[in-house]
Amino acid sequence: MMFVFDSSALISMSQTCLVKILRQLREALGAEFVIAESVYRETVSTPLHIRRFELNAVRLKKAVDEKWLRIEQVDTDAAMDIVKTANNCFFAKGGPVSLMHRGEADALALVRQLNAQVLVIDERTTRMLLETPLRLKELLEGKHNAKIGARKDNLERLQGMRFTPQSTAAAL
C-alpha cells in the first residue's frame, strides 16, 4: 500500500513527535511512504535554515535519509493543471477564490502518477474541495460574507481526476 503525504500532515506529525510512530506504522503495514520534492523543500530544505522550525526539519530529514520516506519527482504539468482547475472552481466579487497551493497540487498529482492508495492531508479546504465541494461553497460564503459562484465544469473536472483508486483521503 502506498501513502502520499502533504507538507502540512508531515509538519503536524513532526511537531507532535509522531515521526517514530509513523515509521512503526509503515513497517507494520509494509507500506511505502512517499512525498513530492516540493513537500521535501517545504518541510526540510527551507526549515533547516530557520531556527524555529529546524528540529522538525531534522526529524523529517532523518526519515528521508533512512529511506523509509521516499522523495519522488512530480509531473509539473499535471500539478499545474490541478492548481489551475482548483483555483477556478469558485468566484467571489468578480474574481476566482484561491483554494489550493502548489504543495497540495503536487501531492495530488503524485497520488495519480503513482496510483497511490492513500493521500494523507490535513488541509480542510483541499479535502472539502475533493469530497464535498458544495459544502465548501457554503463555508466560503460565510467566510467571505459574499455570494460565491461555482464553475460546475471545473468542479466536475476536478472530481473526474480520481486522485486514488478508491478516491480515499485520510485526515489526521
# chains A, B, ... in the order shown; residues from 1 in each chain; ligands from 1
call {"tool": "residues_around", "arguments": {"residues": "Phe163 of chain A", "least_positions_apart": "3", "cutoff": "12 Å", "atoms": "only C-alpha atoms", "output": "PyMOL selection string"}}
result
chain A and resi 4+78-79+82+104-120+127+130-131+157-160+166-169
call {"tool": "write_last_selection", "arguments": {"atoms": "N, CA and C atoms", "output": "mmCIF file, in the first residue's frame"}}
result
data_model
loop_
_atom_site.group_PDB
_atom_site.id
_atom_site.type_symbol
_atom_site.label_atom_id
_atom_site.label_comp_id
_atom_site.auth_asym_id
_atom_site.auth_seq_id
_atom_site.Cartn_x
_atom_site.Cartn_y
_atom_site.Cartn_z
ATOM 1 N N VAL A 4 0.817 8.835 0.115
ATOM 2 C CA VAL A 4 1.445 10.090 -0.305
ATOM 3 C C VAL A 4 1.081 11.141 0.736
ATOM 4 N N ALA A 78 0.944 18.171 -14.744
ATOM 5 C CA ALA A 78 -0.229 17.624 -14.053
ATOM 6 C C ALA A 78 -0.546 18.445 -12.802
ATOM 7 N N ALA A 79 0.486 18.796 -12.048
ATOM 8 C CA ALA A 79 0.283 19.590 -10.831
ATOM 9 C C ALA A 79 -0.268 20.973 -11.168
ATOM 10 N N ILE A 82 -3.921 20.787 -11.974
ATOM 11 C CA ILE A 82 -4.734 20.641 -10.769
ATOM 12 C C ILE A 82 -4.910 21.995 -10.092
ATOM 13 N N GLU A 104 -0.053 21.179 -2.217
ATOM 14 C CA GLU A 104 -1.198 20.264 -2.238
ATOM 15 C C GLU A 104 -1.388 19.666 -3.625
ATOM 16 N N ALA A 105 -1.215 20.496 -4.643
ATOM 17 C CA ALA A 105 -1.365 20.011 -6.017
ATOM 18 C C ALA A 105 -0.309 18.969 -6.352
ATOM 19 N N ASP A 106 0.922 19.184 -5.884
ATOM 20 C CA ASP A 106 1.979 18.195 -6.120
ATOM 21 C C ASP A 106 1.630 16.863 -5.461
ATOM 22 N N ALA A 107 1.109 16.907 -4.247
ATOM 23 C CA ALA A 107 0.717 15.672 -3.562
ATOM 24 C C ALA A 107 -0.397 14.965 -4.338
ATOM 25 N N LEU A 108 -1.374 15.718 -4.798
ATOM 26 C CA LEU A 108 -2.470 15.126 -5.577
ATOM 27 C C LEU A 108 -1.968 14.550 -6.900
ATOM 28 N N ALA A 109 -1.091 15.287 -7.560
ATOM 29 C CA ALA A 109 -0.534 14.803 -8.826
ATOM 30 C C ALA A 109 0.271 13.521 -8.595
ATOM 31 N N LEU A 110 0.993 13.471 -7.495
ATOM 32 C CA LEU A 110 1.792 12.289 -7.176
ATOM 33 C C LEU A 110 0.905 11.081 -6.887
ATOM 34 N N VAL A 111 -0.213 11.308 -6.225
ATOM 35 C CA VAL A 111 -1.162 10.219 -5.971
ATOM 36 C C VAL A 111 -1.610 9.608 -7.292
ATOM 37 N N ARG A 112 -1.955 10.455 -8.240
ATOM 38 C CA ARG A 112 -2.401 9.962 -9.550
ATOM 39 C C ARG A 112 -1.258 9.291 -10.299
ATOM 40 N N GLN A 113 -0.110 9.929 -10.283
ATOM 41 C CA GLN A 113 1.057 9.446 -11.023
ATOM 42 C C GLN A 113 1.503 8.061 -10.540
ATOM 43 N N LEU A 114 1.487 7.841 -9.234
ATOM 44 C CA LEU A 114 1.963 6.579 -8.656
ATOM 45 C C LEU A 114 0.838 5.582 -8.383
ATOM 46 N N ASN A 115 -0.395 6.008 -8.638
ATOM 47 C CA ASN A 115 -1.572 5.180 -8.343
ATOM 48 C C ASN A 115 -1.590 4.779 -6.865
ATOM 49 N N ALA A 116 -1.278 5.737 -6.012
ATOM 50 C CA ALA A 116 -1.241 5.501 -4.567
ATOM 51 C C ALA A 116 -2.642 5.256 -4.035
ATOM 52 N N GLN A 117 -2.707 4.515 -2.945
ATOM 53 C CA GLN A 117 -3.995 4.190 -2.361
ATOM 54 C C GLN A 117 -4.481 5.232 -1.354
ATOM 55 N N VAL A 118 -3.548 5.966 -0.724
ATOM 56 C CA VAL A 118 -3.937 6.882 0.340
ATOM 57 C C VAL A 118 -3.232 8.223 0.189
ATOM 58 N N LEU A 119 -3.992 9.281 0.360
ATOM 59 C CA LEU A 119 -3.467 10.634 0.430
ATOM 60 C C LEU A 119 -3.615 11.085 1.876
ATOM 61 N N VAL A 120 -2.501 11.454 2.503
ATOM 62 C CA VAL A 120 -2.527 11.927 3.883
ATOM 63 C C VAL A 120 -2.387 13.441 3.836
ATOM 64 N N ARG A 127 -9.439 18.985 1.161
ATOM 65 C CA ARG A 127 -10.276 17.803 1.367
ATOM 66 C C ARG A 127 -11.723 18.084 0.984
ATOM 67 N N LEU A 130 -12.382 18.266 -2.742
ATOM 68 C CA LEU A 130 -12.437 16.950 -3.379
ATOM 69 C C LEU A 130 -13.642 16.126 -2.953
ATOM 70 N N GLU A 131 -14.042 16.255 -1.685
ATOM 71 C CA GLU A 131 -15.081 15.386 -1.145
ATOM 72 C C GLU A 131 -16.475 16.007 -1.119
ATOM 73 N N ARG A 157 -14.650 18.503 -13.461
ATOM 74 C CA ARG A 157 -13.333 18.097 -13.963
ATOM 75 C C ARG A 157 -12.441 17.633 -12.819
ATOM 76 N N LEU A 158 -12.443 18.381 -11.736
ATOM 77 C CA LEU A 158 -11.647 18.026 -10.566
ATOM 78 C C LEU A 158 -12.122 16.695 -9.980
ATOM 79 N N GLN A 159 -13.434 16.515 -9.870
ATOM 80 C CA GLN A 159 -13.986 15.263 -9.361
ATOM 81 C C GLN A 159 -13.615 14.095 -10.285
ATOM 82 N N GLY A 160 -13.560 14.353 -11.567
ATOM 83 C CA GLY A 160 -13.239 13.313 -12.542
ATOM 84 C C GLY A 160 -11.778 12.902 -12.553
ATOM 85 N N GLN A 166 -9.625 4.308 -4.863
ATOM 86 C CA GLN A 166 -10.863 4.281 -4.095
ATOM 87 C C GLN A 166 -11.349 5.691 -3.777
ATOM 88 N N SER A 167 -10.651 6.692 -4.319
ATOM 89 C CA SER A 167 -10.950 8.101 -4.038
ATOM 90 C C SER A 167 -10.943 8.353 -2.531
ATOM 91 N N THR A 168 -9.885 7.887 -1.867
ATOM 92 C CA THR A 168 -9.756 7.971 -0.424
ATOM 93 C C THR A 168 -8.872 9.147 -0.037
ATOM 94 N N ALA A 169 -9.290 9.884 0.963
ATOM 95 C CA ALA A 169 -8.449 10.926 1.555
ATOM 96 C C ALA A 169 -8.401 10.644 3.055
#
call {"tool": "residues_around", "arguments": {"residues": "segment 7-24 of chain A", "least_positions_apart": "6", "cutoff": "8 Å", "atoms": "only C-alpha atoms", "output": "number ranges by chain"}}
result
A: 39-40, 42-43, 56-57, 59-60, 63, 68, 103-104, 120-123, 172
call {"tool": "residues_around", "arguments": {"residues": "Arg151 of chain A", "least_positions_apart": "4", "cutoff": "12 Å", "atoms": "only C-alpha atoms", "output": "CSV table (one decimal) with C-alpha atoms, in the first residue's frame"}}
result
chain,number,residue,atom,x,y,z
A,85,THR,CA,-8.6,23.8,-12.1
A,86,ALA,CA,-9.0,24.0,-8.3
A,87,ASN,CA,-8.4,27.8,-8.2
A,88,ASN,CA,-11.0,28.4,-10.8
A,89,CYS,CA,-13.9,26.4,-9.2
A,90,PHE,CA,-15.3,29.3,-7.1
A,91,PHE,CA,-15.6,33.0,-7.7
A,92,ALA,CA,-16.4,35.9,-5.4
A,95,GLY,CA,-12.6,37.1,-9.2
A,96,PRO,CA,-11.5,33.5,-8.5
A,97,VAL,CA,-11.1,32.3,-4.9
A,133,PRO,CA,-17.4,20.9,-2.8
A,134,LEU,CA,-20.9,22.3,-2.3
A,137,LYS,CA,-19.0,26.8,-1.2
A,155,LEU,CA,-15.8,21.1,-10.2
A,156,GLU,CA,-16.8,18.2,-12.4
A,157,ARG,CA,-13.3,18.1,-14.0
A,158,LEU,CA,-11.6,18.0,-10.6
call {"tool": "select_by_dssp", "arguments": {"residues": "chain A", "states": "helix (DSSP H, G or I)", "output": "PyMOL selection string"}}
result
chain A and resi 7-15+19-29+37-45+47-49+51-65+76-86+102-114+124-131+133-144+152-160
call {"tool": "write_last_selection", "arguments": {"atoms": "C-alpha atoms", "output": "short mmCIF file (atom, residue, chain, number, x, y, z; two decimals), in the first residue's frame"}}
result
data_model
loop_
_atom_site.label_atom_id
_atom_site.label_comp_id
_atom_site.auth_asym_id
_atom_site.auth_seq_id
_atom_site.Cartn_x
_atom_site.Cartn_y
_atom_site.Cartn_z
CA SER A 7 3.51 19.06 3.79
CA SER A 8 1.05 20.08 6.48
CA ALA A 9 0.42 16.48 7.53
CA LEU A 10 4.15 15.81 7.91
CA ILE A 11 4.72 19.06 9.77
CA SER A 12 1.92 18.20 12.22
CA MET A 13 3.41 14.77 12.83
CA SER A 14 6.88 16.16 13.35
CA GLN A 15 5.70 18.87 15.74
CA VAL A 19 7.56 10.60 13.23
CA LYS A 20 8.88 7.49 15.03
CA ILE A 21 5.35 6.12 15.35
CA LEU A 22 4.80 6.85 11.66
CA ARG A 23 7.86 4.73 10.88
CA GLN A 24 6.49 1.88 13.00
CA LEU A 25 3.15 2.13 11.22
CA ARG A 26 4.89 1.96 7.85
CA GLU A 27 6.79 -1.16 8.91
CA ALA A 28 3.69 -2.81 10.40
CA LEU A 29 1.69 -2.23 7.21
CA GLU A 37 10.12 17.15 -3.99
CA SER A 38 8.21 20.35 -3.19
CA VAL A 39 6.99 18.77 0.05
CA TYR A 40 10.61 17.97 0.95
CA ARG A 41 11.62 21.57 0.28
CA GLU A 42 8.74 22.90 2.37
CA THR A 43 9.26 20.50 5.29
CA VAL A 44 13.03 20.00 5.30
CA SER A 45 15.23 22.11 3.00
CA PRO A 47 13.05 24.94 7.57
CA LEU A 48 16.56 23.60 8.20
CA HIS A 49 17.73 27.22 7.95
CA ARG A 51 15.89 28.16 13.88
CA ARG A 52 12.26 27.96 14.97
CA PHE A 53 11.49 25.06 12.57
CA GLU A 54 14.87 23.35 12.48
CA LEU A 55 14.07 20.48 14.86
CA ASN A 56 11.00 19.42 12.85
CA ALA A 57 13.07 19.55 9.67
CA VAL A 58 15.81 17.41 11.22
CA ARG A 59 13.25 14.76 12.23
CA LEU A 60 11.87 14.57 8.70
CA LYS A 61 15.30 14.67 7.07
CA LYS A 62 16.26 11.63 9.14
CA ALA A 63 13.22 9.77 7.77
CA VAL A 64 14.35 10.53 4.22
CA ASP A 65 18.00 9.72 4.97
CA THR A 76 4.81 19.53 -13.22
CA ASP A 77 2.19 19.86 -15.96
CA ALA A 78 -0.23 17.62 -14.05
CA ALA A 79 0.28 19.59 -10.83
CA MET A 80 -0.21 22.92 -12.58
CA ASP A 81 -3.40 21.62 -14.20
CA ILE A 82 -4.73 20.64 -10.77
CA VAL A 83 -3.89 24.07 -9.29
CA LYS A 84 -5.44 25.91 -12.24
CA THR A 85 -8.63 23.84 -12.11
CA ALA A 86 -8.99 24.02 -8.31
CA ARG A 102 1.38 24.08 -5.31
CA GLY A 103 2.30 21.71 -2.44
CA GLU A 104 -1.20 20.26 -2.24
CA ALA A 105 -1.36 20.01 -6.02
CA ASP A 106 1.98 18.19 -6.12
CA ALA A 107 0.72 15.67 -3.56
CA LEU A 108 -2.47 15.13 -5.58
CA ALA A 109 -0.53 14.80 -8.83
CA LEU A 110 1.79 12.29 -7.18
CA VAL A 111 -1.16 10.22 -5.97
CA ARG A 112 -2.40 9.96 -9.55
CA GLN A 113 1.06 9.45 -11.02
CA LEU A 114 1.96 6.58 -8.66
CA ARG A 124 -9.58 21.10 5.26
CA THR A 125 -10.13 23.23 2.17
CA THR A 126 -8.45 20.74 -0.18
CA ARG A 127 -10.28 17.80 1.37
CA MET A 128 -13.63 19.55 1.11
CA LEU A 129 -12.96 20.61 -2.47
CA LEU A 130 -12.44 16.95 -3.38
CA GLU A 131 -15.08 15.39 -1.15
CA PRO A 133 -17.43 20.94 -2.84
CA LEU A 134 -20.93 22.34 -2.27
CA ARG A 135 -20.35 22.35 1.50
CA LEU A 136 -17.08 24.19 0.84
CA LYS A 137 -19.04 26.76 -1.19
CA GLU A 138 -21.28 27.38 1.84
CA LEU A 139 -18.25 27.77 4.11
CA LEU A 140 -16.64 30.21 1.68
CA GLU A 141 -19.80 32.30 1.54
CA GLY A 142 -19.72 32.63 5.32
CA LYS A 143 -16.01 33.39 5.39
CA HIS A 144 -16.13 36.00 2.63
CA LYS A 152 -19.61 23.46 -12.41
CA ASP A 153 -17.36 22.40 -15.29
CA ASN A 154 -14.21 22.83 -13.18
CA LEU A 155 -15.77 21.11 -10.17
CA GLU A 156 -16.77 18.17 -12.35
CA ARG A 157 -13.33 18.10 -13.96
CA LEU A 158 -11.65 18.03 -10.57
CA GLN A 159 -13.99 15.26 -9.36
CA GLY A 160 -13.24 13.31 -12.54
#
call {"tool": "select_by_dssp", "arguments": {"residues": "chain A", "states": "strand (DSSP E or B)", "output": "VMD selection string"}}
result
chain A and resid 2 to 5 32 to 36 70 to 72 90 to 92 95 to 96 118 to 120 149 to 150 169 to 170
call {"tool": "write_last_selection", "arguments": {"atoms": "N, CA and C atoms", "output": "PDB file, in the first residue's frame"}}
result
ATOM      1  N   MET A   2       0.530   2.228  -0.795  1.00  0.00           N
ATOM      2  CA  MET A   2       1.328   3.450  -0.900  1.00  0.00           C
ATOM      3  C   MET A   2       0.566   4.640  -0.335  1.00  0.00           C
ATOM      4  N   PHE A   3       1.256   5.412   0.499  1.00  0.00           N
ATOM      5  CA  PHE A   3       0.735   6.624   1.115  1.00  0.00           C
ATOM      6  C   PHE A   3       1.515   7.812   0.566  1.00  0.00           C
ATOM      7  N   VAL A   4       0.817   8.835   0.115  1.00  0.00           N
ATOM      8  CA  VAL A   4       1.445  10.090  -0.305  1.00  0.00           C
ATOM      9  C   VAL A   4       1.081  11.141   0.736  1.00  0.00           C
ATOM     10  N   PHE A   5       2.108  11.859   1.208  1.00  0.00           N
ATOM     11  CA  PHE A   5       1.922  12.853   2.260  1.00  0.00           C
ATOM     12  C   PHE A   5       2.037  14.270   1.720  1.00  0.00           C
ATOM     13  N   GLU A  32       4.549   1.859   1.629  1.00  0.00           N
ATOM     14  CA  GLU A  32       5.511   2.832   1.116  1.00  0.00           C
ATOM     15  C   GLU A  32       5.002   4.211   1.480  1.00  0.00           C
ATOM     16  N   PHE A  33       5.884   5.071   1.992  1.00  0.00           N
ATOM     17  CA  PHE A  33       5.549   6.453   2.311  1.00  0.00           C
ATOM     18  C   PHE A  33       6.320   7.342   1.351  1.00  0.00           C
ATOM     19  N   VAL A  34       5.586   8.201   0.635  1.00  0.00           N
ATOM     20  CA  VAL A  34       6.170   8.985  -0.440  1.00  0.00           C
ATOM     21  C   VAL A  34       5.783  10.450  -0.304  1.00  0.00           C
ATOM     22  N   ILE A  35       6.729  11.325  -0.678  1.00  0.00           N
ATOM     23  CA  ILE A  35       6.460  12.762  -0.732  1.00  0.00           C
ATOM     24  C   ILE A  35       6.998  13.324  -2.036  1.00  0.00           C
ATOM     25  N   ALA A  36       6.426  14.433  -2.444  1.00  0.00           N
ATOM     26  CA  ALA A  36       6.906  15.149  -3.626  1.00  0.00           C
ATOM     27  C   ALA A  36       8.133  15.982  -3.243  1.00  0.00           C
ATOM     28  N   ARG A  70      10.250   8.342   1.078  1.00  0.00           N
ATOM     29  CA  ARG A  70      10.871   8.478  -0.238  1.00  0.00           C
ATOM     30  C   ARG A  70      10.398   9.736  -0.956  1.00  0.00           C
ATOM     31  N   ILE A  71      11.320  10.388  -1.636  1.00  0.00           N
ATOM     32  CA  ILE A  71      11.008  11.579  -2.424  1.00  0.00           C
ATOM     33  C   ILE A  71      10.828  11.159  -3.882  1.00  0.00           C
ATOM     34  N   GLU A  72       9.768  11.690  -4.504  1.00  0.00           N
ATOM     35  CA  GLU A  72       9.502  11.392  -5.916  1.00  0.00           C
ATOM     36  C   GLU A  72       9.354  12.686  -6.709  1.00  0.00           C
ATOM     37  N   PHE A  90     -14.391  28.357  -7.779  1.00  0.00           N
ATOM     38  CA  PHE A  90     -15.282  29.290  -7.091  1.00  0.00           C
ATOM     39  C   PHE A  90     -14.854  30.730  -7.344  1.00  0.00           C
ATOM     40  N   PHE A  91     -15.871  31.603  -7.418  1.00  0.00           N
ATOM     41  CA  PHE A  91     -15.624  33.018  -7.686  1.00  0.00           C
ATOM     42  C   PHE A  91     -16.388  33.884  -6.693  1.00  0.00           C
ATOM     43  N   ALA A  92     -15.758  34.975  -6.283  1.00  0.00           N
ATOM     44  CA  ALA A  92     -16.399  35.945  -5.395  1.00  0.00           C
ATOM     45  C   ALA A  92     -15.968  37.334  -5.830  1.00  0.00           C
ATOM     46  N   GLY A  95     -13.827  37.758  -9.039  1.00  0.00           N
ATOM     47  CA  GLY A  95     -12.554  37.070  -9.246  1.00  0.00           C
ATOM     48  C   GLY A  95     -12.552  35.677  -8.644  1.00  0.00           C
ATOM     49  N   PRO A  96     -11.582  34.858  -9.065  1.00  0.00           N
ATOM     50  CA  PRO A  96     -11.505  33.496  -8.530  1.00  0.00           C
ATOM     51  C   PRO A  96     -11.055  33.488  -7.071  1.00  0.00           C
ATOM     52  N   VAL A 118      -3.548   5.966  -0.724  1.00  0.00           N
ATOM     53  CA  VAL A 118      -3.937   6.882   0.340  1.00  0.00           C
ATOM     54  C   VAL A 118      -3.232   8.223   0.189  1.00  0.00           C
ATOM     55  N   LEU A 119      -3.992   9.281   0.360  1.00  0.00           N
ATOM     56  CA  LEU A 119      -3.467  10.634   0.430  1.00  0.00           C
ATOM     57  C   LEU A 119      -3.615  11.085   1.876  1.00  0.00           C
ATOM     58  N   VAL A 120      -2.501  11.454   2.503  1.00  0.00           N
ATOM     59  CA  VAL A 120      -2.527  11.927   3.883  1.00  0.00           C
ATOM     60  C   VAL A 120      -2.387  13.441   3.836  1.00  0.00           C
ATOM     61  N   GLY A 149     -19.914  32.150  -6.447  1.00  0.00           N
ATOM     62  CA  GLY A 149     -20.318  31.458  -7.657  1.00  0.00           C
ATOM     63  C   GLY A 149     -19.445  30.231  -7.871  1.00  0.00           C
ATOM     64  N   ALA A 150     -20.016  29.217  -8.490  1.00  0.00           N
ATOM     65  CA  ALA A 150     -19.270  27.988  -8.739  1.00  0.00           C
ATOM     66  C   ALA A 150     -19.223  27.705 -10.233  1.00  0.00           C
ATOM     67  N   ALA A 169      -9.290   9.884   0.963  1.00  0.00           N
ATOM     68  CA  ALA A 169      -8.449  10.926   1.555  1.00  0.00           C
ATOM     69  C   ALA A 169      -8.401  10.644   3.055  1.00  0.00           C
ATOM     70  N   ALA A 170      -7.215  10.561   3.592  1.00  0.00           N
ATOM     71  CA  ALA A 170      -7.061  10.294   5.022  1.00  0.00           C
ATOM     72  C   ALA A 170      -6.871  11.613   5.751  1.00  0.00           C
TER      73      ALA A 170
END
call {"tool": "atom_distance", "arguments": {"atom1": "atom CA of Met1 of chain A", "atom2": "atom CA of Met100 of chain A"}}
result
26.1 Å
call {"tool": "decode", "arguments": {"residues": "segment 48-114 of chain A", "atoms": "C-alpha atoms", "output": "mmCIF file, in the first residue's frame"}}
result
data_model
loop_
_atom_site.group_PDB
_atom_site.id
_atom_site.type_symbol
_atom_site.label_atom_id
_atom_site.label_comp_id
_atom_site.auth_asym_id
_atom_site.auth_seq_id
_atom_site.Cartn_x
_atom_site.Cartn_y
_atom_site.Cartn_z
ATOM 1 C CA LEU A 48 16.565 23.598 8.204
ATOM 2 C CA HIS A 49 17.728 27.217 7.954
ATOM 3 C CA ILE A 50 15.039 28.655 10.229
ATOM 4 C CA ARG A 51 15.892 28.160 13.878
ATOM 5 C CA ARG A 52 12.257 27.965 14.971
ATOM 6 C CA PHE A 53 11.492 25.063 12.571
ATOM 7 C CA GLU A 54 14.874 23.353 12.476
ATOM 8 C CA LEU A 55 14.070 20.481 14.864
ATOM 9 C CA ASN A 56 11.005 19.421 12.854
ATOM 10 C CA ALA A 57 13.073 19.546 9.670
ATOM 11 C CA VAL A 58 15.812 17.406 11.216
ATOM 12 C CA ARG A 59 13.255 14.760 12.234
ATOM 13 C CA LEU A 60 11.872 14.566 8.697
ATOM 14 C CA LYS A 61 15.302 14.671 7.070
ATOM 15 C CA LYS A 62 16.264 11.629 9.143
ATOM 16 C CA ALA A 63 13.225 9.765 7.773
ATOM 17 C CA VAL A 64 14.350 10.527 4.216
ATOM 18 C CA ASP A 65 17.998 9.725 4.974
ATOM 19 C CA GLU A 66 16.940 6.373 6.448
ATOM 20 C CA LYS A 67 14.963 5.774 3.236
ATOM 21 C CA TRP A 68 11.619 4.978 4.827
ATOM 22 C CA LEU A 69 10.207 8.254 3.491
ATOM 23 C CA ARG A 70 10.871 8.478 -0.238
ATOM 24 C CA ILE A 71 11.008 11.579 -2.424
ATOM 25 C CA GLU A 72 9.502 11.392 -5.916
ATOM 26 C CA GLN A 73 9.600 13.758 -8.883
ATOM 27 C CA VAL A 74 6.152 15.092 -9.814
ATOM 28 C CA ASP A 75 4.801 15.716 -13.294
ATOM 29 C CA THR A 76 4.807 19.530 -13.217
ATOM 30 C CA ASP A 77 2.185 19.862 -15.955
ATOM 31 C CA ALA A 78 -0.229 17.624 -14.053
ATOM 32 C CA ALA A 79 0.283 19.590 -10.831
ATOM 33 C CA MET A 80 -0.213 22.924 -12.581
ATOM 34 C CA ASP A 81 -3.398 21.618 -14.196
ATOM 35 C CA ILE A 82 -4.734 20.641 -10.769
ATOM 36 C CA VAL A 83 -3.892 24.072 -9.290
ATOM 37 C CA LYS A 84 -5.440 25.912 -12.235
ATOM 38 C CA THR A 85 -8.629 23.840 -12.109
ATOM 39 C CA ALA A 86 -8.988 24.024 -8.313
ATOM 40 C CA ASN A 87 -8.368 27.760 -8.164
ATOM 41 C CA ASN A 88 -11.006 28.400 -10.801
ATOM 42 C CA CYS A 89 -13.857 26.446 -9.188
ATOM 43 C CA PHE A 90 -15.282 29.290 -7.091
ATOM 44 C CA PHE A 91 -15.624 33.018 -7.686
ATOM 45 C CA ALA A 92 -16.399 35.945 -5.395
ATOM 46 C CA LYS A 93 -16.613 39.652 -6.137
ATOM 47 C CA GLY A 94 -15.693 39.130 -9.775
ATOM 48 C CA GLY A 95 -12.554 37.070 -9.246
ATOM 49 C CA PRO A 96 -11.505 33.496 -8.530
ATOM 50 C CA VAL A 97 -11.111 32.275 -4.948
ATOM 51 C CA SER A 98 -7.662 30.776 -4.469
ATOM 52 C CA LEU A 99 -8.090 27.433 -2.726
ATOM 53 C CA MET A 100 -5.004 25.353 -3.400
ATOM 54 C CA HIS A 101 -1.260 25.868 -3.311
ATOM 55 C CA ARG A 102 1.379 24.077 -5.305
ATOM 56 C CA GLY A 103 2.295 21.713 -2.435
ATOM 57 C CA GLU A 104 -1.198 20.264 -2.238
ATOM 58 C CA ALA A 105 -1.365 20.011 -6.017
ATOM 59 C CA ASP A 106 1.979 18.195 -6.120
ATOM 60 C CA ALA A 107 0.717 15.672 -3.562
ATOM 61 C CA LEU A 108 -2.470 15.126 -5.577
ATOM 62 C CA ALA A 109 -0.534 14.803 -8.826
ATOM 63 C CA LEU A 110 1.792 12.289 -7.176
ATOM 64 C CA VAL A 111 -1.162 10.219 -5.971
ATOM 65 C CA ARG A 112 -2.401 9.962 -9.550
ATOM 66 C CA GLN A 113 1.057 9.446 -11.023
ATOM 67 C CA LEU A 114 1.963 6.579 -8.656
#
